[in-house]
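Heads up, structure-v2.pdb below (PDB, C-alpha atoms, pLDDT in the B column):
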```pdb
ATOM      1  CA  MET B 104     120.721  32.511  29.160  1.00 57.00           C
ATOM      2  CA  GLU B 105     117.323  33.454  30.460  1.00 59.00           C
ATOM      3  CA  GLN B 106     117.010  35.797  33.416  1.00 63.00           C
ATOM      4  CA  HIS B 107     114.199  35.466  35.895  1.00 62.00           C
ATOM      5  CA  ARG B 108     112.789  38.592  37.355  1.00 63.00           C
ATOM      6  CA  THR B 109     111.109  38.383  40.664  1.00 64.00           C
ATOM      7  CA  ARG B 110     108.237  40.696  41.265  1.00 64.00           C
ATOM      8  CA  THR B 111     107.542  42.190  44.612  1.00 63.00           C
ATOM      9  CA  PRO B 112     104.143  41.109  45.795  1.00 64.00           C
ATOM     10  CA  GLN B 113     101.571  43.884  45.764  1.00 69.00           C
ATOM     11  CA  TYR B 114      98.462  44.026  47.811  1.00 64.00           C
ATOM     12  CA  ARG B 115      95.399  43.161  45.825  1.00 68.00           C
ATOM     13  CA  PRO B 116      91.925  43.450  47.228  1.00 65.00           C
ATOM     14  CA  PRO B 117      89.843  40.277  47.202  1.00 74.00           C
ATOM     15  CA  ARG B 118      87.836  39.606  44.069  1.00 78.00           C
ATOM     16  CA  GLY B 119      84.533  41.353  43.886  1.00 74.00           C
ATOM     17  CA  THR B 120      85.498  44.404  45.971  1.00 74.00           C
ATOM     18  CA  PRO B 121      85.501  47.722  44.159  1.00 72.00           C
ATOM     19  CA  PRO B 122      88.858  49.505  43.852  1.00 68.00           C
ATOM     20  CA  LEU B 123      89.570  52.397  46.225  1.00 66.00           C
ATOM     21  CA  PRO B 124      88.935  55.923  44.932  1.00 66.00           C
ATOM     22  CA  PRO B 125      92.092  57.906  44.165  1.00 63.00           C
ATOM     23  CA  GLN B 126      91.623  60.153  47.240  1.00 63.00           C
ATOM     24  CA  ALA B 127      91.643  57.184  49.644  1.00 61.00           C
ATOM     25  CA  GLN B 128      94.789  55.620  48.294  1.00 60.00           C
ATOM     26  CA  ARG B 129      97.832  55.978  50.471  1.00 62.00           C
ATOM     27  CA  ARG B 130     100.282  58.684  49.658  1.00 60.00           C
ATOM     28  CA  PRO B 131     103.803  58.832  50.957  1.00 60.00           C
ATOM     29  CA  ALA B 132     104.149  60.754  54.211  1.00 62.00           C
ATOM     30  CA  VAL B 133     105.593  64.207  53.897  1.00 65.00           C
ATOM     31  CA  ALA B 134     108.093  65.236  56.535  1.00 67.00           C
ATOM     32  CA  ARG B 135     106.949  68.438  58.183  1.00 71.00           C
ATOM     33  CA  ARG B 136     109.292  70.862  59.798  1.00 71.00           C
ATOM     34  CA  PRO B 137     108.166  72.972  62.716  1.00 70.00           C
ATOM     35  CA  SER B 138     107.282  76.461  61.664  1.00 65.00           C
ATOM     36  CA  PRO B 139     109.806  79.132  62.628  1.00 63.00           C
ATOM     37  CA  ALA B 140     108.962  81.383  65.546  1.00 60.00           C
ATOM     38  CA  PRO B 141     107.402  84.698  64.569  1.00 61.00           C
ATOM     39  CA  ALA B 142     109.856  87.544  64.323  1.00 57.00           C
ATOM     40  CA  GLY B 143     108.161  89.511  67.094  1.00 56.00           C
ATOM     41  CA  THR B 144     108.494  86.924  69.842  1.00 58.00           C
ATOM     42  CA  VAL B 145     110.792  87.774  72.710  1.00 58.00           C
ATOM     43  CA  ARG B 146     112.618  85.166  74.697  1.00 66.00           C
ATOM     44  CA  ARG B 147     111.370  85.252  78.271  1.00 68.00           C
ATOM     45  CA  LEU B 148     113.508  85.184  81.363  1.00 63.00           C
ATOM     46  CA  PRO B 149     113.319  82.158  83.620  1.00 68.00           C
ATOM     47  CA  ASN B 150     110.441  82.299  86.043  1.00 74.00           C
ATOM     48  CA  PRO B 151     111.060  79.684  88.724  1.00 82.00           C
ATOM     49  CA  ARG B 152     108.807  79.461  91.741  1.00 88.00           C
ATOM     50  CA  LEU B 153     110.686  78.723  94.953  1.00 90.00           C
ATOM     51  CA  THR B 154     109.226  77.691  98.273  1.00 91.00           C
ATOM     52  CA  GLY B 155     110.184  79.655 101.361  1.00 90.00           C
ATOM     53  CA  LEU B 156     112.870  77.107 102.216  1.00 93.00           C
ATOM     54  CA  GLY B 157     114.074  76.980  98.611  1.00 93.00           C
ATOM     55  CA  GLY B 158     114.257  80.770  98.493  1.00 93.00           C
ATOM     56  CA  GLY B 159     116.305  80.786 101.684  1.00 94.00           C
ATOM     57  CA  LEU B 160     118.673  78.144 100.347  1.00 95.00           C
ATOM     58  CA  PHE B 161     118.987  79.922  97.008  1.00 95.00           C
ATOM     59  CA  CYS B 162     119.672  83.295  98.592  1.00 95.00           C
ATOM     60  CA  GLY B 163     122.016  81.873 101.242  1.00 96.00           C
ATOM     61  CA  ALA B 164     124.052  79.840  98.771  1.00 96.00           C
ATOM     62  CA  LEU B 165     124.285  82.734  96.325  1.00 96.00           C
ATOM     63  CA  MET B 166     125.384  85.164  99.029  1.00 96.00           C
ATOM     64  CA  PHE B 167     128.004  82.714 100.281  1.00 96.00           C
ATOM     65  CA  VAL B 168     129.386  82.370  96.740  1.00 96.00           C
ATOM     66  CA  ILE B 169     129.330  86.165  96.331  1.00 96.00           C
ATOM     67  CA  GLY B 170     131.147  86.496  99.665  1.00 95.00           C
ATOM     68  CA  CYS B 171     133.824  84.024  98.540  1.00 95.00           C
ATOM     69  CA  LEU B 172     134.230  85.822  95.210  1.00 95.00           C
ATOM     70  CA  ASP B 173     134.363  89.187  96.961  1.00 94.00           C
ATOM     71  CA  GLU B 174     137.077  87.937  99.297  1.00 92.00           C
ATOM     72  CA  ALA B 175     139.071  86.449  96.416  1.00 93.00           C
ATOM     73  CA  LEU B 176     138.714  89.303  93.923  1.00 93.00           C
ATOM     74  CA  PHE B 177     138.330  92.459  96.004  1.00 90.00           C
ATOM     75  CA  GLY B 178     139.979  91.551  99.301  1.00 88.00           C
ATOM     76  CA  ALA B 179     136.705  91.240 101.275  1.00 87.00           C
ATOM     77  CA  SER B 180     135.207  94.601 100.359  1.00 90.00           C
ATOM     78  CA  PRO B 181     132.004  95.086 102.382  1.00 90.00           C
ATOM     79  CA  THR B 182     130.736  97.702  99.939  1.00 92.00           C
ATOM     80  CA  VAL B 183     130.936  95.331  96.954  1.00 94.00           C
ATOM     81  CA  TYR B 184     129.245  92.658  99.042  1.00 95.00           C
ATOM     82  CA  GLY B 185     126.454  95.050 100.064  1.00 94.00           C
ATOM     83  CA  VAL B 186     125.865  96.315  96.529  1.00 95.00           C
ATOM     84  CA  LEU B 187     125.578  92.759  95.203  1.00 95.00           C
ATOM     85  CA  PHE B 188     123.224  91.866  98.058  1.00 96.00           C
ATOM     86  CA  LEU B 189     120.477  94.202  96.786  1.00 96.00           C
ATOM     87  CA  PRO B 190     119.750  92.474  93.430  1.00 96.00           C
ATOM     88  CA  VAL B 191     119.924  89.067  95.117  1.00 96.00           C
ATOM     89  CA  CYS B 192     117.181  90.227  97.492  1.00 96.00           C
ATOM     90  CA  ALA B 193     115.020  91.446  94.605  1.00 95.00           C
ATOM     91  CA  VAL B 194     115.460  88.234  92.611  1.00 95.00           C
ATOM     92  CA  THR B 195     114.717  86.086  95.648  1.00 95.00           C
ATOM     93  CA  ALA B 196     111.496  87.987  96.337  1.00 94.00           C
ATOM     94  CA  LEU B 197     110.492  87.770  92.657  1.00 93.00           C
ATOM     95  CA  TRP B 198     111.076  84.023  92.436  1.00 93.00           C
ATOM     96  CA  LEU B 199     109.165  82.994  95.563  1.00 93.00           C
ATOM     97  CA  ARG B 200     105.792  81.311  95.212  1.00 92.00           C
ATOM     98  CA  LYS B 201     102.761  83.444  95.941  1.00 90.00           C
ATOM     99  CA  GLY B 202     101.998  81.522  99.128  1.00 89.00           C
ATOM    100  CA  ASP B 203     105.539  82.048 100.460  1.00 92.00           C
ATOM    101  CA  LEU B 204     105.955  85.739  99.666  1.00 91.00           C
ATOM    102  CA  LEU B 205     106.047  86.796 103.284  1.00 91.00           C
ATOM    103  CA  THR B 206     109.182  84.739 103.906  1.00 93.00           C
ATOM    104  CA  ALA B 207     111.274  86.981 101.648  1.00 93.00           C
ATOM    105  CA  PRO B 208     112.047  89.659 104.290  1.00 94.00           C
ATOM    106  CA  VAL B 209     112.921  86.875 106.733  1.00 95.00           C
ATOM    107  CA  VAL B 210     115.354  84.825 104.631  1.00 95.00           C
ATOM    108  CA  VAL B 211     117.400  87.647 103.123  1.00 96.00           C
ATOM    109  CA  PRO B 212     118.962  88.854 106.418  1.00 95.00           C
ATOM    110  CA  LEU B 213     119.885  85.270 107.233  1.00 95.00           C
ATOM    111  CA  ALA B 214     121.512  84.941 103.820  1.00 96.00           C
ATOM    112  CA  PHE B 215     123.363  88.220 104.398  1.00 96.00           C
ATOM    113  CA  ALA B 216     124.828  86.831 107.621  1.00 94.00           C
ATOM    114  CA  LEU B 217     125.759  83.537 105.937  1.00 94.00           C
ATOM    115  CA  GLY B 218     127.553  85.349 103.137  1.00 94.00           C
ATOM    116  CA  LEU B 219     129.564  87.360 105.664  1.00 92.00           C
ATOM    117  CA  LEU B 220     131.468  84.236 106.734  1.00 91.00           C
ATOM    118  CA  PRO B 221     134.197  84.633 104.091  1.00 90.00           C
ATOM    119  CA  VAL B 222     134.053  88.456 104.087  1.00 89.00           C
ATOM    120  CA  ALA B 223     134.367  89.144 107.829  1.00 87.00           C
ATOM    121  CA  ASP B 224     137.750  89.511 109.555  1.00 82.00           C
ATOM    122  CA  SER B 225     138.929  86.169 110.871  1.00 78.00           C
ATOM    123  CA  SER B 226     141.871  86.796 113.149  1.00 80.00           C
ATOM    124  CA  GLY B 227     142.057  84.762 116.345  1.00 79.00           C
ATOM    125  CA  GLY B 228     140.196  81.515 115.665  1.00 85.00           C
ATOM    126  CA  LEU B 229     136.502  80.961 116.299  1.00 87.00           C
ATOM    127  CA  THR B 230     135.986  83.891 118.652  1.00 89.00           C
ATOM    128  CA  GLY B 231     137.816  86.191 116.258  1.00 89.00           C
ATOM    129  CA  ARG B 232     135.580  84.990 113.407  1.00 88.00           C
ATOM    130  CA  LEU B 233     132.420  85.589 115.486  1.00 89.00           C
ATOM    131  CA  VAL B 234     133.576  89.063 116.508  1.00 91.00           C
ATOM    132  CA  GLY B 235     134.338  89.808 112.848  1.00 90.00           C
ATOM    133  CA  ILE B 236     130.850  88.670 111.764  1.00 91.00           C
ATOM    134  CA  PHE B 237     129.118  90.737 114.476  1.00 93.00           C
ATOM    135  CA  THR B 238     131.256  93.743 113.595  1.00 92.00           C
ATOM    136  CA  ALA B 239     130.429  93.360 109.907  1.00 91.00           C
ATOM    137  CA  LEU B 240     126.710  93.040 110.731  1.00 92.00           C
ATOM    138  CA  ALA B 241     126.921  96.239 112.784  1.00 93.00           C
ATOM    139  CA  THR B 242     128.918  98.251 110.282  1.00 93.00           C
ATOM    140  CA  GLN B 243     127.034  97.030 107.205  1.00 92.00           C
ATOM    141  CA  ALA B 244     123.553  97.392 108.709  1.00 94.00           C
ATOM    142  CA  GLY B 245     122.603  99.885 105.997  1.00 95.00           C
ATOM    143  CA  TRP B 246     123.018  97.268 103.257  1.00 95.00           C
ATOM    144  CA  LEU B 247     121.229  94.705 105.414  1.00 95.00           C
ATOM    145  CA  TYR B 248     118.246  97.003 106.009  1.00 96.00           C
ATOM    146  CA  GLY B 249     118.218  98.124 102.387  1.00 96.00           C
ATOM    147  CA  GLY B 250     118.147  94.563 101.063  1.00 96.00           C
ATOM    148  CA  THR B 251     115.438  93.591 103.536  1.00 96.00           C
ATOM    149  CA  LEU B 252     113.441  96.639 102.461  1.00 97.00           C
ATOM    150  CA  VAL B 253     113.853  95.721  98.772  1.00 96.00           C
ATOM    151  CA  ALA B 254     112.656  92.166  99.425  1.00 96.00           C
ATOM    152  CA  GLY B 255     109.752  93.436 101.531  1.00 96.00           C
ATOM    153  CA  VAL B 256     108.620  95.981  98.945  1.00 96.00           C
ATOM    154  CA  VAL B 257     108.790  93.444  96.111  1.00 95.00           C
ATOM    155  CA  ALA B 258     106.828  90.937  98.209  1.00 94.00           C
ATOM    156  CA  VAL B 259     104.156  93.489  99.174  1.00 95.00           C
ATOM    157  CA  VAL B 260     103.749  94.696  95.582  1.00 95.00           C
ATOM    158  CA  ARG B 261     103.421  91.137  94.290  1.00 92.00           C
ATOM    159  CA  ARG B 262     100.930  90.319  97.048  1.00 92.00           C
ATOM    160  CA  ALA B 263      98.850  93.413  96.176  1.00 92.00           C
ATOM    161  CA  GLN B 264      98.843  92.447  92.496  1.00 91.00           C
ATOM    162  CA  LEU B 265      97.622  88.966  93.370  1.00 88.00           C
ATOM    163  CA  ALA B 266      94.855  90.414  95.554  1.00 88.00           C
ATOM    164  CA  ASN B 267      93.792  92.775  92.753  1.00 89.00           C
ATOM    165  CA  ARG B 268      93.620  89.908  90.254  1.00 86.00           C
ATOM    166  CA  ARG B 269      91.508  87.846  92.637  1.00 83.00           C
ATOM    167  CA  SER B 270      89.104  90.693  93.291  1.00 84.00           C
ATOM    168  CA  ALA B 271      88.854  91.415  89.568  1.00 82.00           C
ATOM    169  CA  ARG B 272      87.774  87.801  89.014  1.00 80.00           C
ATOM    170  CA  GLY B 273      85.163  88.087  91.736  1.00 73.00           C
ATOM    171  CA  ARG B 274      86.859  85.851  94.260  1.00 61.00           C
ATOM    172  CA  PRO B 275      87.397  86.907  97.849  1.00 60.00           C
ATOM    173  CA  PRO B 276      91.069  87.595  98.653  1.00 57.00           C
ATOM    174  CA  ALA B 277      92.861  84.870 100.571  1.00 59.00           C
TER     175      ALA B 277
END
```

Represent the supplied structure as structure tokens.
Amino acid sequence: MEQHRTRTPQYRPPRGTPPLPPQAQRRPAVARRPSPAPAGTVRRLPNPRLTGLGGGLFCGALMFVIGCLDEALFGASPTVYGVLFLPVCAVTALWLRKGDLLTAPVVVPLAFALGLLPVADSSGGLTGRLVGIFTALATQAGWLYGGTLVAGVVAVVRRAQLANRRSARGRPPA
């Protein structure tokens, strides 16, 4: 019995054309892997840029969650709430856009008051809740002023750095 072998058709250039030089012939593609990161690189922290409204929403939502956690874990401890308020103020001021830096000392006291909703005493319905919030604002004014001061200092330092960079480039400060 005779077996027929079929040949796969190969591309042949038309008659009369010279063959391609060996360098121009196609070679199979080599899969390349991305090079590994150098050993000295450090992973950077996130650097979001929030608008003034976004910074207020971020800070307010975070303080409300911290207030709820404080009430659940520590029985509404105003000291724990105040201590956790300070880094939130710093992070909010660091993450604001350069054009919205001056909103940082404005939004952090509002966020402090919003986060006091679960922390403040709530005996006696709506009026009892309001009295508890005003009492907490009065008794925890030190934390409120401290957090506002932290946000203000961070905003002023960032604003001064931006002005120095602009003047170093020869541009007038905005």

Select all residues near (130.9, 91.4, 105.5) (cut-off 9 Å, inclusive, file coordinates), counting all atoms listed in the file, and output them as a compact mmCIF listing (two decimals) with C-alpha atoms, in the frame of the given file.
```txt
# COMPACT_ATOMS: atom_id res chain seq x y z
CA GLY B 170 131.15 86.50 99.66
CA ALA B 179 136.71 91.24 101.28
CA SER B 180 135.21 94.60 100.36
CA PRO B 181 132.00 95.09 102.38
CA THR B 182 130.74 97.70 99.94
CA TYR B 184 129.24 92.66 99.04
CA GLY B 185 126.45 95.05 100.06
CA PHE B 215 123.36 88.22 104.40
CA ALA B 216 124.83 86.83 107.62
CA GLY B 218 127.55 85.35 103.14
CA LEU B 219 129.56 87.36 105.66
CA LEU B 220 131.47 84.24 106.73
CA PRO B 221 134.20 84.63 104.09
CA VAL B 222 134.05 88.46 104.09
CA ALA B 223 134.37 89.14 107.83
CA ASP B 224 137.75 89.51 109.56
CA GLY B 235 134.34 89.81 112.85
CA ILE B 236 130.85 88.67 111.76
CA THR B 238 131.26 93.74 113.60
CA ALA B 239 130.43 93.36 109.91
CA LEU B 240 126.71 93.04 110.73
CA THR B 242 128.92 98.25 110.28
CA GLN B 243 127.03 97.03 107.20
```

Which residues fall under the PyMOL selection byres ((chain B and resi 190-197) around 7) in this file, as a VMD selection string?
-> chain B and resid 158 162 187 to 189 198 to 199 204 207 211 250 253 to 254 257 to 258

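Coordinates place CA of Ala244 (chain B) at a distance of 15.1 Å from CA of Val209 (chain B).
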
Nearest to Phe167 (chain B): which of B:Ala214, B:Pro117, B:Gly228, B:Gly249 is it, counting all atoms listed in the file?
->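 Looking at the shortest contact to Phe167 (chain B), the residue is B:Ala214.
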
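The two atoms in question, CA of Gly155 (chain B) and CA of Pro208 (chain B), are spaced 10.6 Å apart.
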
Got a sec to resolve the PyMOL selection byres ((chain B and resi 202) around 10) on this structure and send the residues as number ranges by chain?
-> B: 154-155, 199-201, 203-206, 262, 277

In Å, how far is it from CA of Gly159 (chain B) to CA of Thr251 (chain B)?
->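 That distance, rounded to one decimal, is 13.0 Å.
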
Mind giving me the axis-aligned box for region 269-272 of chain B with 4 Å on every side, centre plus edges in Å to one decimal, as lines of an AutoDock Vina configuration file?
```
center_x = 89.6
center_y = 89.6
center_z = 91.2
size_x = 11.7
size_y = 11.6
size_z = 12.3
```

With all atoms listed in the file as the atoms that count, which of B:Leu252, B:Leu229, B:Val260, B:Leu217 lies nearest to Phe161 (chain B)?
-> B:Leu217
